[in-house]
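Chemist: Structure in structure tokens, see below.
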Amino acid sequence: MRSESASVSWILRDCPAWVAIAAGALFGLTYAVVLLGPGVAFGWSDYWAQPHGLQSGRFDMTGILSAWHWFMQDRWRWPLLAIPKAADSNAGLWDPVALIFLLSKAIQSATGWKLNPMPLWQSGCFAANAAALVILVRALGARSFAAALLAAGLGAMAPGVHMRHGHLSLLAHWLPISALALYVHTRALPRVGTGKLAGVVGLAALAAGINLYLFVMVVAIGAAAILQPALDRRAAWGPALLALAALPASGGLVTWAIGLLEAPSVGRVTFAFGRNSMNLLSPFWPQSSGVLSGTGIYWLTRGSIGATVGQYDGYAYLGLGAVLTVVMGVVLGRDRLVRLVRDNAVLTAAMLVLTLWALSNQIYAGPFLIVTYPVPDILERTVLAWFRSSGRMFWPVAWLIVGIGIAAVMTRAAPRTRIVVLAVVLVVQWVDLSIWRGRIATLVARPAAAALAPPDVMDRLLQEARVLGHVALVPVGLCPGSSIDDLSYSNAITEAELLAALANARINVVANARETPTCGMDTGVSLPDMARQGVLIVLRDVPGLDRTEEARHAADCMDLPMGVACTPRK
């Protein structure tokens, strides 16, 4: 018995921070390779020729790839992400990870090496999410190797991250988790100096260069990390107020440098606040659950619980293993909950604001509307409209709940119980995610099928576009209601963008995450003139558009599955 206890006691002992963090990162990276396959995880798969995601097909990921090609083939400009050949647009409007765009271009400028950073970013986020949760759990007092393994497992196997496959910037959950870890770290310090306050501001600036939703989350936590020590007289009010003002200013500075402040569409109201909210049951109700796959109940096995068309964006399910951990943590640590809330009043207030923001002013529990209340019009037309997918704001709250649950179980449960919990929770979480892993595996198994034209035709058009330097797309923008299904139509436009980007050619119109032009036929230039200038792509089966013969008289044209492509006559 003693020998058996000794053989497992090492996993329950405190381990050095670097060992725990390295183990967490390795766990996350290994999981990414298992989930995606080595070729997708490290970038040599054909999948990256036209990457596509779960929620938006090719529109987001291939659009980001197009913006990256335009950006990398251009000179340095101001604002930093300006790409004039993409209809005088800005790469930031595709919702990329701005910082990795800039980093990859800096590497190319210094070495001539052009490397697509998106595969490594995607895999790296799984590693970073796992390592960040390890750091948070250690800050909360659980420093054993077992605690690190449990944190790494739940950090890597998060349903909300899997659901976001295709939204590269939104994979960086390590940002709000790191902000929470920084808060807990500063909370334990007898004195918080200007260096720590500057670190909070620096993390916010980093988040602004990755994703503005994550920036808001980090700012909310950062404000608590600055105000709480000032209220406790552990930090001077002068530096604290300066740091507090610098939090939003850092985001404004980064956004200005990128060039998004010049884009009129960024603050445009596209749909009402509350449409993309979080359902009250979303964090704990099993959705797309592999453990419950045998029930055949849609909400449990394949869908996400929601009462509005946009509540999929508020998908916040923790996973059944994480839910079990949180429940056990509440049971074991219930005597500390009141004290935790009392001693961290500012963070509690920040988490409450984020939760209410996520739920919106129309709170649903499943299909039932249980509370509705008005919000000030000025907020509805500004901040609440700018961050239209409000359901995402719950992510820091979810990670804090999971971190506290892990710390409580791994410090308060009996030693043997901790080992059992570690094994059971990781197995349950793994099985619960089997549906998401299956969806992603199917998605990345092969390149996307061509929507616009077969590969040999696209290669021919690409060579022409490189020589001519111009691609024209008609109609201008997306035309819902055509006889072509919306997804194929969107994919065709996305492929036309990628064609122009690979050729480093100018295109007349782009559709991205922030600017999706409405369908229009009037380009200001006749089709014959457009066909003489460069590659002309005219999509068919769009209501009111039957003008391909105009181009045929002036150019060499070939039929495409979804339209006609024309080039100047030799």
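How things are named: the first chain in the structure tokens is A, the next is B, and so on; residues count from 1 in each chain; ligands count from 1 in the order shown.
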Mind checking which residues fall within 8 Å of Trp436 in chain A, counting only C-alpha atoms, ignoring those fewer than 5 positions away in the same chain, and posting them as a ChimeraX atom specification?
Modeler: /A:159,162-163,288
Chemist: Let's have the selection written as a PDB file, in the first residue's frame, with N, CA and C atoms.
Modeler:
```
ATOM      1  N   PRO A 159     -15.125  23.276 -25.614  1.00  0.00           N
ATOM      2  CA  PRO A 159     -16.079  23.229 -26.735  1.00  0.00           C
ATOM      3  C   PRO A 159     -16.187  24.543 -27.492  1.00  0.00           C
ATOM      4  N   HIS A 162     -13.475  24.841 -30.089  1.00  0.00           N
ATOM      5  CA  HIS A 162     -13.718  23.954 -31.225  1.00  0.00           C
ATOM      6  C   HIS A 162     -14.796  24.530 -32.138  1.00  0.00           C
ATOM      7  N   MET A 163     -15.850  25.040 -31.538  1.00  0.00           N
ATOM      8  CA  MET A 163     -16.942  25.606 -32.317  1.00  0.00           C
ATOM      9  C   MET A 163     -16.459  26.774 -33.174  1.00  0.00           C
ATOM     10  N   SER A 288     -24.206  19.564 -28.382  1.00  0.00           N
ATOM     11  CA  SER A 288     -23.261  18.815 -29.214  1.00  0.00           C
ATOM     12  C   SER A 288     -22.418  17.906 -28.326  1.00  0.00           C
TER      13      SER A 288
END
```
Chemist: So that I can see what lies close to Leu539 in chain A, please list as a ChimeraX atom specification the residues with an atom at most 7 Å from it, counting only C-alpha atoms and leaving out residues fewer than 3 positions away in the same chain.
Modeler: /A:474-475,562-564
Chemist: As a PyMOL selection string, list the residues of range 4-93 of chain A assigned to helix (DSSP H, G or I) by DSSP on the backbone atoms of this structure.
Modeler: chain A and resi 4-12+17-36+38-42+46-49+61-72+91-93
Chemist: Which residues of range 30-80 of chain A sit at most 7 Å from range 490-495 of chain A, using only C-alpha atoms? Give each one's shortest atom pair and distance in Å (one decimal place), in chain and ascending residue order, as a tab-separated table.
Modeler:
```
residue	atom	partner	partner_atom	distance
A:Arg58	CA	A:Asn491	CA	6.2
A:Phe59	CA	A:Thr494	CA	6.1
A:Thr62	CA	A:Thr494	CA	6.9
A:Gly63	CA	A:Thr494	CA	6.3
```
Chemist: Please write the residues from the selection above to a file, keeping N, CA and C atoms, as a compact mmCIF listing (two decimals), in the first residue's frame.
Modeler:
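This went into again-v4.txt:
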```txt
# COMPACT_ATOMS: atom_id res chain seq x y z
N ARG A 58 -15.86 29.10 -46.37
CA ARG A 58 -14.61 29.71 -46.81
C ARG A 58 -14.57 31.21 -46.57
N PHE A 59 -15.71 31.80 -46.24
CA PHE A 59 -15.80 33.26 -46.24
C PHE A 59 -14.77 33.90 -45.32
N THR A 62 -10.62 31.85 -45.89
CA THR A 62 -10.04 32.13 -47.20
C THR A 62 -9.97 33.63 -47.43
N GLY A 63 -10.94 34.37 -46.90
CA GLY A 63 -10.88 35.82 -47.00
C GLY A 63 -9.65 36.38 -46.30
```
Chemist: Let me make sure I understand: among A:Gly160, A:Glu380, A:Gly57, A:Leu369, which one has the smallest atom-to-atom distance to Ala451 in chain A if we use only C-alpha atoms?
Modeler: A:Gly57
Chemist: When distances are computed from only C-alpha atoms, which of A:Leu136, A:Leu473, A:Ala503, A:Leu175 shows the smallest separation from Val525 in chain A?
Modeler: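 Using only C-alpha atoms, the shortest distance to Val525 in chain A belongs to A:Leu473.
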Chemist: So, counting only C-alpha atoms, which residue among A:Ser104, A:Asn279, A:Thr186, A:Gln287 is closest to Leu320 in chain A?
Modeler: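 Of the candidates, the smallest distance to Leu320 in chain A is held by A:Gln287.
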Chemist: Write out as a list in words which residues come within 10 Å of Leu206 in chain A when counting only C-alpha atoms, dropping same-chain ones fewer than 4 positions away.
Modeler: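 In the requested form, the answer reads Leu99, Leu175, Val201, Gly202, Ile210, Asn211, Leu214, Phe215, Val218, Ser250, Gly251 and Val254 of chain A.
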Chemist: Residues within 9 Å of Ala316 in chain A, please, as a list of chain:residue names. Count only C-alpha atoms; anything in the same chain fewer than 3 positions from it doesn't count.
Modeler: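 Once the adjacent positions are removed, what remains is A:Pro159, A:Gly160, A:Met278, A:Asn279, A:Leu281, A:Ser282, A:Pro283, A:Phe284, A:Asp313, A:Gly391, A:Arg392, A:Phe394, A:Trp395, A:Ala398.
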Chemist: Take the residues just selected and output them with N, CA and C atoms as a PDB file, in the first residue's frame.
Modeler:
```
ATOM      1  N   PRO A 159     -15.125  23.276 -25.614  1.00  0.00           N
ATOM      2  CA  PRO A 159     -16.079  23.229 -26.735  1.00  0.00           C
ATOM      3  C   PRO A 159     -16.187  24.543 -27.492  1.00  0.00           C
ATOM      4  N   GLY A 160     -16.141  25.675 -26.768  1.00  0.00           N
ATOM      5  CA  GLY A 160     -16.283  26.964 -27.429  1.00  0.00           C
ATOM      6  C   GLY A 160     -15.158  27.274 -28.397  1.00  0.00           C
ATOM      7  N   MET A 278     -26.179  35.355 -25.475  1.00  0.00           N
ATOM      8  CA  MET A 278     -25.992  34.034 -24.874  1.00  0.00           C
ATOM      9  C   MET A 278     -27.276  33.607 -24.184  1.00  0.00           C
ATOM     10  N   ASN A 279     -27.641  32.363 -24.368  1.00  0.00           N
ATOM     11  CA  ASN A 279     -28.769  31.796 -23.644  1.00  0.00           C
ATOM     12  C   ASN A 279     -28.352  31.522 -22.200  1.00  0.00           C
ATOM     13  N   LEU A 281     -28.955  29.162 -20.306  1.00  0.00           N
ATOM     14  CA  LEU A 281     -28.587  27.767 -20.050  1.00  0.00           C
ATOM     15  C   LEU A 281     -27.311  27.338 -20.766  1.00  0.00           C
ATOM     16  N   SER A 282     -26.789  28.204 -21.631  1.00  0.00           N
ATOM     17  CA  SER A 282     -25.710  27.791 -22.525  1.00  0.00           C
ATOM     18  C   SER A 282     -24.468  27.234 -21.831  1.00  0.00           C
ATOM     19  N   PRO A 283     -23.984  27.835 -20.720  1.00  0.00           N
ATOM     20  CA  PRO A 283     -22.731  27.314 -20.141  1.00  0.00           C
ATOM     21  C   PRO A 283     -22.834  25.884 -19.626  1.00  0.00           C
ATOM     22  N   PHE A 284     -23.999  25.503 -19.110  1.00  0.00           N
ATOM     23  CA  PHE A 284     -24.085  24.223 -18.397  1.00  0.00           C
ATOM     24  C   PHE A 284     -24.979  23.193 -19.085  1.00  0.00           C
ATOM     25  N   ASP A 313     -23.910  32.219 -31.525  1.00  0.00           N
ATOM     26  CA  ASP A 313     -22.715  33.013 -31.251  1.00  0.00           C
ATOM     27  C   ASP A 313     -22.467  33.140 -29.757  1.00  0.00           C
ATOM     28  N   GLY A 391     -22.895  37.635 -27.026  1.00  0.00           N
ATOM     29  CA  GLY A 391     -22.796  36.388 -26.264  1.00  0.00           C
ATOM     30  C   GLY A 391     -21.374  35.971 -25.954  1.00  0.00           C
ATOM     31  N   ARG A 392     -20.396  36.463 -26.724  1.00  0.00           N
ATOM     32  CA  ARG A 392     -18.998  36.098 -26.484  1.00  0.00           C
ATOM     33  C   ARG A 392     -18.463  36.662 -25.170  1.00  0.00           C
ATOM     34  N   PHE A 394     -19.148  36.375 -22.279  1.00  0.00           N
ATOM     35  CA  PHE A 394     -19.157  35.499 -21.101  1.00  0.00           C
ATOM     36  C   PHE A 394     -17.874  34.687 -20.977  1.00  0.00           C
ATOM     37  N   TRP A 395     -17.056  34.649 -21.990  1.00  0.00           N
ATOM     38  CA  TRP A 395     -15.896  33.748 -21.973  1.00  0.00           C
ATOM     39  C   TRP A 395     -15.012  33.925 -20.745  1.00  0.00           C
ATOM     40  N   ALA A 398     -16.640  32.238 -17.795  1.00  0.00           N
ATOM     41  CA  ALA A 398     -16.576  30.780 -17.892  1.00  0.00           C
ATOM     42  C   ALA A 398     -15.206  30.258 -17.463  1.00  0.00           C
TER      43      ALA A 398
END
```
Chemist: Excluding range 111-117 of chain A and residues on its chain fewer than 4 positions from it, collect all residues at most 10 Å away from it, counting only C-alpha atoms, and give them as JSON, numbers by chain.
Modeler: {"A": [42, 43, 48, 65, 68, 69, 72, 73, 97, 100, 101, 103, 104, 105, 106, 107, 121, 122]}
Chemist: Using the chain letters and numbers from this document, which residues of range 374-475 of chain A does DSSP assign to strand (DSSP E), as a list in words?
Modeler: His470, Val471, Ala472, Leu473 and Val474 of chain A
Chemist: Hey, can you spit out that residue selection with N, CA and C atoms as a compact mmCIF listing (two decimals), in the first residue's frame?
Modeler:
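Contents of out30.txt, freshly written:
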```
# COMPACT_ATOMS: atom_id res chain seq x y z
N HIS A 470 -5.33 43.09 -63.08
CA HIS A 470 -6.66 43.57 -62.70
C HIS A 470 -7.67 42.43 -62.82
N VAL A 471 -8.56 42.34 -61.83
CA VAL A 471 -9.68 41.40 -61.84
C VAL A 471 -10.95 42.20 -61.58
N ALA A 472 -11.96 41.98 -62.40
CA ALA A 472 -13.25 42.64 -62.21
C ALA A 472 -14.31 41.59 -61.95
N LEU A 473 -15.14 41.83 -60.97
CA LEU A 473 -16.19 40.89 -60.58
C LEU A 473 -17.54 41.57 -60.75
N VAL A 474 -18.45 40.91 -61.47
CA VAL A 474 -19.81 41.41 -61.69
C VAL A 474 -20.76 40.26 -61.41
```
Chemist: Would you kindly return, as a ChimeraX atom specification, each protein, DNA or RNA residue with an atom no farther than 10 Å from any atom of Ala408 in chain A, considering only C-alpha atoms and excluding same-chain residues fewer than 6 positions away?
Modeler: /A:137,140-142,147,325-326,328-334,336,402
Chemist: If we count only C-alpha atoms, what is near Met410 in chain A at a cut-off of 10 Å, once residues fewer than 5 positions away on the same chain are taken out, given as a VMD selection string?
Modeler: chain A and resid 12 137 141 to 148 150 325 329 404 to 405 415 417 to 419 421 to 422
Chemist: Any chance you can output those residues with N, CA and C atoms as a tab-separated table (two decimals), in the first residue's frame?
Modeler:
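Listing of out-v8.tsv after writing:
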```tsv
chain	number	residue	atom	x	y	z
A	12	LEU	N	0.83	14.54	-7.02
A	12	LEU	CA	0.07	15.41	-6.13
A	12	LEU	C	0.94	16.45	-5.44
A	137	VAL	N	-4.67	28.51	-12.60
A	137	VAL	CA	-4.92	27.56	-11.52
A	137	VAL	C	-3.79	27.60	-10.49
A	141	GLY	N	-3.75	28.75	-6.31
A	141	GLY	CA	-3.25	27.95	-5.19
A	141	GLY	C	-3.04	26.49	-5.46
A	142	ALA	N	-3.44	25.97	-6.64
A	142	ALA	CA	-3.27	24.55	-6.95
A	142	ALA	C	-2.01	24.38	-7.80
A	143	ARG	N	-0.91	23.94	-7.17
A	143	ARG	CA	0.38	23.91	-7.85
A	143	ARG	C	0.92	22.51	-8.09
A	144	SER	N	0.10	21.50	-7.94
A	144	SER	CA	0.55	20.14	-8.17
A	144	SER	C	0.58	19.82	-9.66
A	145	PHE	N	1.28	18.76	-10.00
A	145	PHE	CA	1.32	18.33	-11.40
A	145	PHE	C	-0.05	17.84	-11.83
A	146	ALA	N	-0.79	17.24	-10.92
A	146	ALA	CA	-2.15	16.79	-11.24
A	146	ALA	C	-3.04	17.97	-11.60
A	147	ALA	N	-2.93	19.07	-10.84
A	147	ALA	CA	-3.70	20.27	-11.14
A	147	ALA	C	-3.32	20.82	-12.50
A	148	ALA	N	-2.01	20.77	-12.82
A	148	ALA	CA	-1.56	21.26	-14.12
A	148	ALA	C	-2.13	20.41	-15.25
A	150	LEU	N	-4.94	18.63	-15.21
A	150	LEU	CA	-6.37	18.87	-15.33
A	150	LEU	C	-6.64	20.22	-16.00
A	325	THR	N	-16.37	19.26	-12.80
A	325	THR	CA	-15.32	19.88	-11.99
A	325	THR	C	-15.86	21.09	-11.24
A	329	GLY	N	-16.16	21.55	-7.29
A	329	GLY	CA	-15.47	22.69	-6.69
A	329	GLY	C	-16.38	23.53	-5.83
A	404	ILE	N	-11.47	28.27	-10.86
A	404	ILE	CA	-11.77	28.15	-9.43
A	404	ILE	C	-12.19	26.73	-9.10
A	405	GLY	N	-12.97	26.10	-9.98
A	405	GLY	CA	-13.39	24.71	-9.74
A	405	GLY	C	-12.20	23.77	-9.68
A	415	PRO	N	-6.50	13.04	-1.36
A	415	PRO	CA	-5.51	12.72	-2.39
A	415	PRO	C	-5.99	11.70	-3.42
A	417	THR	N	-8.98	10.93	-4.19
A	417	THR	CA	-10.09	11.51	-4.95
A	417	THR	C	-9.57	12.39	-6.07
A	418	ARG	N	-8.49	13.13	-5.81
A	418	ARG	CA	-7.93	14.00	-6.85
A	418	ARG	C	-7.47	13.19	-8.06
A	419	ILE	N	-6.86	12.04	-7.82
A	419	ILE	CA	-6.41	11.19	-8.92
A	419	ILE	C	-7.60	10.69	-9.72
A	421	VAL	N	-10.60	12.07	-9.90
A	421	VAL	CA	-11.21	13.22	-10.59
A	421	VAL	C	-10.42	13.55	-11.85
A	422	LEU	N	-9.10	13.59	-11.76
A	422	LEU	CA	-8.25	13.89	-12.91
A	422	LEU	C	-8.55	12.93	-14.05
```
Chemist: Set out as a tab-separated table a contact list for range 24-131 of chain A and range 505-515 of chain A with a cut-off of 12 Å, giving each residue of range 24-131 of chain A that qualifies its closest atom pair and distance in Å to one decimal, counting only C-alpha atoms, ordered by chain and rising residue number.
Modeler:
```
residue	atom	partner	partner_atom	distance
A:Ser56	CA	A:Ala513	CA	10.4
A:Arg58	CA	A:Asn512	CA	11.1
A:Phe59	CA	A:Asn512	CA	7.6
A:Asp60	CA	A:Ala513	CA	7.0
A:Met61	CA	A:Asn512	CA	10.3
A:Thr62	CA	A:Asn512	CA	10.2
A:Gly63	CA	A:Asn512	CA	6.7
A:Ile64	CA	A:Asn512	CA	8.5
A:Leu65	CA	A:Asn512	CA	11.5
A:Ser66	CA	A:Val510	CA	10.2
A:Ala67	CA	A:Asn512	CA	9.4
A:His69	CA	A:Ala505	CA	10.5
A:Trp70	CA	A:Ala505	CA	8.3
A:Phe71	CA	A:Ala505	CA	11.7
A:Gln73	CA	A:Ala505	CA	10.1
A:Asp74	CA	A:Ala505	CA	10.7
A:Ile83	CA	A:Arg506	CA	9.7
A:Pro84	CA	A:Arg506	CA	7.9
A:Lys85	CA	A:Arg506	CA	4.2
A:Ala86	CA	A:Ile507	CA	5.7
A:Ala87	CA	A:Asn508	CA	5.3
A:Asp88	CA	A:Asn508	CA	8.9
A:Ser89	CA	A:Val510	CA	8.0
A:Asn90	CA	A:Asn512	CA	9.9
A:Ala91	CA	A:Asn512	CA	9.1
A:Gly92	CA	A:Arg514	CA	9.0
A:Leu93	CA	A:Arg514	CA	5.4
A:Trp94	CA	A:Ala513	CA	5.0
A:Asp95	CA	A:Ala513	CA	6.4
A:Pro96	CA	A:Ala513	CA	9.6
```
Chemist: Can you work out which one of A:Ile406, A:Val346, A:Gly274, A:Phe126 has the shortest atom-to-atom distance to Leu231 in chain A, counting only C-alpha atoms?
Modeler: A:Val346
Chemist: Between A:Ser360, A:Ala496, A:Thr411, A:Val200, which one has atoms that come closest to Asp14 in chain A, using only C-alpha atoms?
Modeler: A:Thr411
